[in-house]
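Notes follow the structure.
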Amino acid sequence: MLVALPAQFGVPGGPELVIIMLVLLLLAAPVALGAVAVFLLLRRRSTLEERIAELESEVDRLRERVENGR
């Protein structure tokens, strides 16, 4: 009696599963890229807001120095 190994005949549906995975990857990639882009834009915006606040405080400090005659 011969025992057949599964590797000899291949996995039924293997190529189809690969195609399904590729299609899912192509459908999910734009969503993932969009989420990353939104995250980076929000992160950049918060960094800009922090920088603006620092600059405004620096301007206020310099105005006080000018008003005091230093």
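Chain lettering (A, B, ...) mirrors the order of the structure tokens, residue numbering begins at 1 for each chain separately, and ligand numbering begins at 1 in order of display.
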Determine which residues of chain A receive a DSSP assignment of alpha helix (DSSP H), computed from the backbone, and state them as a ChimeraX atom specification. /A:6-9,14-68
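You will find CA of Arg65 (chain A) at 21.2 Å from CA of Arg51 (chain A).
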What is the CA of Val38 (chain A)-CA of Ile19 (chain A) distance in Å, reported with one decimal? 29.4 Å
